[in-house]
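Peer 1: Before we start, here is the structure in question, set down as structure tokens.
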Amino acid sequence: KMLVAKNLKEVENTFAIELSNYWRTHYRFGKESKASSKALGRPRIHLLVSNIIAPFLFFYGQQHDDQKYKDRALQLFEELPAERNHIVDQWQELGMEVRRAAQSQALLELKKSYCDQKRCLSCALGCHILQRAPAVREDAPLYLPQWWLDSEEKGKLAS
């Protein structure tokens with residue numbers, strides 16, 4: 001069904017599964033529970049789409065050399081709201097505006113491929129962020145931690 005879904009609404013509808021009466025009152029076989037909705041909520045569906053469905057569609061399009069699947073995956077990323085997590089929050093604290101899943105997924109990949117690998121200077125965004133950081137003046141005093149001054153390295157530092 002995911003391969004024929006044309007937009008986010010159709011993908012969401014494939015997750016709208018009607019449970020049998022038994023599962024409305026059970027979480028496990030033989031153990032009855034209070035009746036409740038066990039359907040996936042929209043935020044959970046969006047998380048599944050941005051982390052599983054859309055990447056799979058793109059991969060499928062690559063493997064079958066079919067651009068329509070890759071385009072559909074990219075369209076889903078543009079339709080989905082941004083993923084909310086601490087990594088995206090950190091990017092937003094740096095001034096990044098993150099509204100769509102395409103943006104949040106790109107920033108998650110940048111963090112994994114550049115930030116986590118300490119490759120800031122190989123990343124255009126990393127270079128931009130570092131250029132905005134306050135510069136250290138040449139005449140600023142160099143403060144060394146006390147443990148450094150107390151160590152044997154103290155003599156080497158003075159020479």
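Labeling convention for the structure tokens: chains A, B, ... as they appear, residues from 1 per chain, ligands from 1 in order of appearance.
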Please provide the set of residues having any atom within 12 Å of Trp91 of chain A, restricted to only C-alpha atoms, with same-chain residues fewer than 4 positions apart removed, written as a list of chain:residue names.

Peer 2: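 Non-adjacent residues within range: A:Arg84, A:Asn85, A:His86, A:Ile87, A:Gly95, A:Met96, A:Glu97, A:Val98, A:Arg99, A:Gln103, A:Ser104, A:Gln105, A:Ala106, A:Leu107, A:Leu108, A:Leu110, A:Lys111, A:Cys115, A:Leu125, A:Gly126, A:Ile129.
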
Peer 1: Since we have the selection now, will you write its residues out, keeping C-alpha atoms, as an mmCIF file, in the first residue's frame?

Peer 2:
data_model
loop_
_atom_site.group_PDB
_atom_site.id
_atom_site.type_symbol
_atom_site.label_atom_id
_atom_site.label_comp_id
_atom_site.auth_asym_id
_atom_site.auth_seq_id
_atom_site.Cartn_x
_atom_site.Cartn_y
_atom_site.Cartn_z
ATOM 1 C CA ARG A 84 10.956 16.865 17.657
ATOM 2 C CA ASN A 85 13.894 15.612 19.708
ATOM 3 C CA HIS A 86 16.843 16.967 21.680
ATOM 4 C CA ILE A 87 19.131 17.054 18.634
ATOM 5 C CA GLY A 95 19.279 29.661 15.262
ATOM 6 C CA MET A 96 18.200 27.035 12.728
ATOM 7 C CA GLU A 97 14.563 27.200 11.692
ATOM 8 C CA VAL A 98 13.226 23.650 11.474
ATOM 9 C CA ARG A 99 9.653 23.232 10.226
ATOM 10 C CA GLN A 103 14.997 19.796 7.467
ATOM 11 C CA SER A 104 15.084 17.777 10.686
ATOM 12 C CA GLN A 105 16.302 14.650 8.872
ATOM 13 C CA ALA A 106 19.033 16.663 7.141
ATOM 14 C CA LEU A 107 20.178 18.139 10.452
ATOM 15 C CA LEU A 108 20.197 14.713 12.116
ATOM 16 C CA LEU A 110 24.731 16.445 9.535
ATOM 17 C CA LYS A 111 25.157 15.835 13.253
ATOM 18 C CA CYS A 115 29.445 16.923 14.490
ATOM 19 C CA LEU A 125 27.217 24.844 8.529
ATOM 20 C CA GLY A 126 29.962 24.030 11.040
ATOM 21 C CA ILE A 129 28.688 28.477 13.288
#

Peer 1: Using only C-alpha atoms, determine which residues lie at most 8 Å from Ala35 of chain A, disregarding the query and same-chain residues fewer than 6 positions distant; provide the list as a list of chain:residue names.

Peer 2: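 Those residues are A:Arg24, A:Thr25, A:His26.
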
Peer 1: As a PyMOL selection string, which residues of segment 47-148 of chain A does DSSP assign to alpha helix (DSSP H)?

Peer 2: chain A and resi 47-48+54-63+67-79+86-93+101-110+124-132+146-148

Peer 1: Which residue is closest to Val88 of chain A? Choose from A:Leu48, A:Leu74, A:Ala124, A:Ala101 and count only C-alpha atoms.

Peer 2: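 Selected residue with least distance to Val88 of chain A: A:Ala101.
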
Peer 1: Considering only C-alpha atoms, give me a table of residues in segment 58-137 of chain A that are at most 10 Å from segment 41-44 of chain A, with the closest atom pair and distance in Å for each, as CSV.

Peer 2:
residue,atom,partner,partner_atom,distance
A:Leu80,CA,A:Pro43,CA,9.9
A:Pro81,CA,A:Pro43,CA,9.2
A:Glu83,CA,A:Pro43,CA,8.9
A:Arg84,CA,A:Pro43,CA,9.7

Peer 1: Can you tell me which residues surround segment 6-19 of chain A at a distance of at most 10 Å, considering only C-alpha atoms, apart from same-chain residues fewer than 5 positions away, and format the answer as a PyMOL selection string?

Peer 2: chain A and resi 1+24-25+37-42+45-46+49+53+69+72-73+75-80

Peer 1: Determine, counting only C-alpha atoms, which protein, DNA and RNA residues have an atom within 8 Å of an atom of Lys70 of chain A; residues of the same chain fewer than 4 positions away are not included. Present the result as a list in words.

Peer 2: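 Contacts, with the query itself left out: Leu57, Phe58, Phe59, Tyr60, Gly61, Gln62, Asp66 and Leu74 of chain A.
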
Peer 1: What does the structure give for the distance between atom CA of Gln90 of chain A and atom CA of Gln131 of chain A, in Å to one decimal?

Peer 2: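 One can read the atom CA of Gln90 of chain A to atom CA of Gln131 of chain A distance as 17.9 Å.
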
Peer 1: Give the strand (DSSP E) residues of chain A, as assigned by DSSP on the backbone, as a ChimeraX atom specification.

Peer 2: /A:26-28,31-32

Peer 1: What does the distance between atom CA of Gln63 of chain A and atom CA of Ser50 of chain A come to in Å, to one decimal place?

Peer 2: 19.2 Å
